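Text of run.pdb (PDB, C-alpha atoms) as supplied:
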ATOM      1  CA  TYR N   2     -41.931 -41.005   5.651  1.00  0.00           C
ATOM      2  CA  VAL N   3     -38.506 -42.195   6.737  1.00  0.00           C
ATOM      3  CA  ARG N   4     -36.285 -39.577   8.282  1.00  0.00           C
ATOM      4  CA  ASP N   5     -32.601 -39.367   7.291  1.00  0.00           C
ATOM      5  CA  ARG N   6     -31.017 -37.278  10.058  1.00  0.00           C
ATOM      6  CA  PRO N   7     -27.392 -37.583   8.877  1.00  0.00           C
ATOM      7  CA  TYR N   8     -28.414 -36.217   5.461  1.00  0.00           C
ATOM      8  CA  GLU N   9     -30.466 -33.407   7.000  1.00  0.00           C
ATOM      9  CA  PHE N  10     -27.477 -32.062   8.919  1.00  0.00           C
ATOM     10  CA  ALA N  11     -24.707 -32.831   6.410  1.00  0.00           C
ATOM     11  CA  ARG N  12     -26.214 -31.705   3.108  1.00  0.00           C
ATOM     12  CA  ALA N  13     -24.430 -28.869   1.337  1.00  0.00           C
ATOM     13  CA  ARG N  14     -27.515 -26.710   0.688  1.00  0.00           C
ATOM     14  CA  HIS N  15     -29.973 -25.869   3.424  1.00  0.00           C
ATOM     15  CA  ASP N  16     -33.451 -24.488   2.868  1.00  0.00           C
ATOM     16  CA  SER N  17     -33.867 -20.727   2.859  1.00  0.00           C
ATOM     17  CA  ARG N  18     -35.819 -18.974   5.591  1.00  0.00           C
ATOM     18  CA  GLU N  19     -38.732 -18.593   3.179  1.00  0.00           C
ATOM     19  CA  GLU N  20     -38.677 -22.306   2.293  1.00  0.00           C
ATOM     20  CA  ILE N  21     -38.576 -23.308   5.945  1.00  0.00           C
ATOM     21  CA  LEU N  22     -41.474 -21.018   6.841  1.00  0.00           C
ATOM     22  CA  ALA N  23     -43.496 -22.263   3.844  1.00  0.00           C
ATOM     23  CA  LYS N  24     -42.953 -25.873   4.947  1.00  0.00           C
ATOM     24  CA  PHE N  25     -43.856 -24.953   8.522  1.00  0.00           C
ATOM     25  CA  ASP N  26     -47.064 -23.233   7.375  1.00  0.00           C
ATOM     26  CA  ALA N  27     -47.950 -26.234   5.184  1.00  0.00           C
ATOM     27  CA  ALA N  28     -47.436 -28.611   8.111  1.00  0.00           C
ATOM     28  CA  ILE N  29     -49.685 -26.504  10.352  1.00  0.00           C
ATOM     29  CA  GLU N  30     -52.348 -26.349   7.627  1.00  0.00           C
ATOM     30  CA  ARG N  31     -52.193 -30.128   7.208  1.00  0.00           C
ATOM     31  CA  PHE N  32     -52.473 -30.640  10.968  1.00  0.00           C
ATOM     32  CA  VAL N  33     -55.537 -28.382  11.171  1.00  0.00           C
ATOM     33  CA  THR N  34     -57.155 -30.153   8.209  1.00  0.00           C
ATOM     34  CA  VAL N  35     -56.635 -33.582   9.782  1.00  0.00           C
ATOM     35  CA  VAL N  36     -58.009 -32.388  13.140  1.00  0.00           C
ATOM     36  CA  GLN N  37     -61.091 -30.929  11.473  1.00  0.00           C
ATOM     37  CA  GLN N  38     -61.745 -34.209   9.655  1.00  0.00           C
ATOM     38  CA  GLN N  39     -62.016 -36.194  12.899  1.00  0.00           C
ATOM     39  CA  SER N  40     -65.348 -37.003  14.477  1.00  0.00           C
ATOM     40  CA  ILE N  41     -65.825 -37.280  18.224  1.00  0.00           C
ATOM     41  CA  THR N  42     -65.550 -41.066  18.039  1.00  0.00           C
ATOM     42  CA  ASP N  43     -62.429 -40.959  15.824  1.00  0.00           C
ATOM     43  CA  TRP N  44     -60.295 -39.605  18.685  1.00  0.00           C
ATOM     44  CA  SER N  45     -60.466 -42.879  20.610  1.00  0.00           C
ATOM     45  CA  LEU N  46     -59.513 -45.055  17.618  1.00  0.00           C
ATOM     46  CA  PRO N  47     -56.213 -46.951  18.002  1.00  0.00           C
ATOM     47  CA  PHE N  48     -52.972 -45.388  16.806  1.00  0.00           C
ATOM     48  CA  GLN N  49     -49.617 -47.176  16.512  1.00  0.00           C
ATOM     49  CA  ASP N  50     -46.243 -46.154  15.183  1.00  0.00           C
ATOM     50  CA  ALA N  51     -42.678 -47.298  15.769  1.00  0.00           C
ATOM     51  CA  GLY N  52     -41.085 -45.441  18.657  1.00  0.00           C
ATOM     52  CA  LEU N  53     -44.390 -44.224  20.091  1.00  0.00           C
ATOM     53  CA  ALA N  54     -45.245 -46.982  22.562  1.00  0.00           C
ATOM     54  CA  ASP N  55     -46.962 -44.507  24.902  1.00  0.00           C
ATOM     55  CA  VAL N  56     -49.345 -43.315  22.152  1.00  0.00           C
ATOM     56  CA  HIS N  57     -52.463 -45.467  22.053  1.00  0.00           C
ATOM     57  CA  ASN N  58     -55.124 -43.502  20.174  1.00  0.00           C
ATOM     58  CA  ARG N  59     -55.617 -40.534  17.870  1.00  0.00           C
ATOM     59  CA  PHE N  60     -56.113 -38.117  20.752  1.00  0.00           C
ATOM     60  CA  ASP N  61     -52.771 -39.197  22.233  1.00  0.00           C
ATOM     61  CA  ILE N  62     -50.970 -38.462  18.941  1.00  0.00           C
ATOM     62  CA  LEU N  63     -52.738 -35.084  18.697  1.00  0.00           C
ATOM     63  CA  LEU N  64     -51.361 -34.182  22.125  1.00  0.00           C
ATOM     64  CA  ARG N  65     -47.901 -35.495  21.201  1.00  0.00           C
ATOM     65  CA  CYS N  66     -47.800 -33.419  17.999  1.00  0.00           C
ATOM     66  CA  THR N  67     -49.062 -30.324  19.815  1.00  0.00           C
ATOM     67  CA  MET N  68     -46.381 -30.617  22.500  1.00  0.00           C
ATOM     68  CA  HIS N  69     -43.709 -31.347  19.903  1.00  0.00           C
ATOM     69  CA  ILE N  70     -44.465 -28.221  17.865  1.00  0.00           C
ATOM     70  CA  HIS N  71     -44.333 -26.088  21.007  1.00  0.00           C
ATOM     71  CA  HIS N  72     -40.892 -27.540  21.738  1.00  0.00           C
ATOM     72  CA  HIS N  73     -39.658 -26.431  18.304  1.00  0.00           C
ATOM     73  CA  LEU N  74     -41.308 -23.011  18.584  1.00  0.00           C
ATOM     74  CA  GLY N  75     -39.447 -22.525  21.865  1.00  0.00           C
ATOM     75  CA  GLN N  76     -36.188 -23.474  20.150  1.00  0.00           C
ATOM     76  CA  MET N  77     -36.822 -20.953  17.361  1.00  0.00           C
ATOM     77  CA  ILE N  78     -37.631 -18.173  19.820  1.00  0.00           C
ATOM     78  CA  TYR N  79     -34.530 -18.960  21.885  1.00  0.00           C
ATOM     79  CA  LEU N  80     -32.245 -19.017  18.824  1.00  0.00           C
ATOM     80  CA  ARG N  81     -33.654 -15.730  17.525  1.00  0.00           C
ATOM     81  CA  LYS N  82     -33.061 -14.046  20.874  1.00  0.00           C
ATOM     82  CA  ALA N  83     -29.552 -15.508  21.115  1.00  0.00           C
ATOM     83  CA  ILE N  84     -28.651 -14.375  17.583  1.00  0.00           C
ATOM     84  CA  LEU N  85     -29.950 -10.863  18.255  1.00  0.00           C
ATOM     85  CA  GLY N  86     -28.030 -10.697  21.532  1.00  0.00           C
ATOM     86  CA  GLU N  87     -31.165 -10.419  23.629  1.00  0.00           C
ATOM     87  CA  ILE N  88     -30.024 -13.289  25.868  1.00  0.00           C
ATOM     88  CA  ASP N  89     -26.766 -15.027  26.677  1.00  0.00           C
ATOM     89  CA  PRO N  90     -26.542 -18.245  24.624  1.00  0.00           C
TER      90      PRO N  90
END
Could I get this structure in the form of structure tokens?
Amino acid sequence: YVRDRPYEFARARHDSREEILAKFDAAIERFVTVVQQQSITDWSLPFQDAGLADVHNRFDILLRCTMHIHHHLGQMIYLRKAILGEIDP
């Protein structure tokens, strides 16, 4: 997977709410499946990826992904509240 940020923010058509939620649900399902497939010893196996120098094993990337999703959930909650006028943006 190679991300194309300029395209993501400049494209003419954006995904619908339903499409976004379906992709989100699919990502969570995939994450759970991968976690369930790991054995106790798998968690300490090496993990490397560009831009993730502080991630050394599978457990590290699990924690990184978990924290990252919480960051985005917080963004979604904040935006919803701002749009509904429940907080000052």
For the file shown, what are the residues hit by the PyMOL selection byres ((chain N and resi 35-42) around 12), laid out as a PDB file with C-alpha atoms, in the frame of the given file?
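Everything below was put into out38.pdb:
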ATOM      1  CA  ALA N  28     -47.436 -28.611   8.111  1.00  0.00           C
ATOM      2  CA  ILE N  29     -49.685 -26.504  10.352  1.00  0.00           C
ATOM      3  CA  GLU N  30     -52.348 -26.349   7.627  1.00  0.00           C
ATOM      4  CA  ARG N  31     -52.193 -30.128   7.208  1.00  0.00           C
ATOM      5  CA  PHE N  32     -52.473 -30.640  10.968  1.00  0.00           C
ATOM      6  CA  VAL N  33     -55.537 -28.382  11.171  1.00  0.00           C
ATOM      7  CA  THR N  34     -57.155 -30.153   8.209  1.00  0.00           C
ATOM      8  CA  ASP N  43     -62.429 -40.959  15.824  1.00  0.00           C
ATOM      9  CA  TRP N  44     -60.295 -39.605  18.685  1.00  0.00           C
ATOM     10  CA  SER N  45     -60.466 -42.879  20.610  1.00  0.00           C
ATOM     11  CA  LEU N  46     -59.513 -45.055  17.618  1.00  0.00           C
ATOM     12  CA  PRO N  47     -56.213 -46.951  18.002  1.00  0.00           C
ATOM     13  CA  ASN N  58     -55.124 -43.502  20.174  1.00  0.00           C
ATOM     14  CA  ARG N  59     -55.617 -40.534  17.870  1.00  0.00           C
ATOM     15  CA  PHE N  60     -56.113 -38.117  20.752  1.00  0.00           C
ATOM     16  CA  ILE N  62     -50.970 -38.462  18.941  1.00  0.00           C
ATOM     17  CA  LEU N  63     -52.738 -35.084  18.697  1.00  0.00           C
ATOM     18  CA  LEU N  64     -51.361 -34.182  22.125  1.00  0.00           C
ATOM     19  CA  CYS N  66     -47.800 -33.419  17.999  1.00  0.00           C
ATOM     20  CA  THR N  67     -49.062 -30.324  19.815  1.00  0.00           C
TER      21      THR N  67
END
Using all atoms listed in the file, determine which residues lie at most 12 Å from region 4-19 of chain N, disregarding the query and same-chain residues fewer than 6 positions distant; provide the list as a count of residues only.
-> 3
- Å distance separating CA of Asp61 (chain N) from CA of Gln49 (chain N), one decimal place: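 Those two atoms sit 10.3 Å apart.
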Query raised in the report: Which value, in Å to one decimal, gives the distance between CA of Asp55 (chain N) and CA of Val3 (chain N)?
Result: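 Interatomic distance, CA of Asp55 (chain N) to CA of Val3 (chain N): 20.2 Å.
Take CA of His72 (chain N) and CA of Gly86 (chain N): the distance between them is 21.2 Å.
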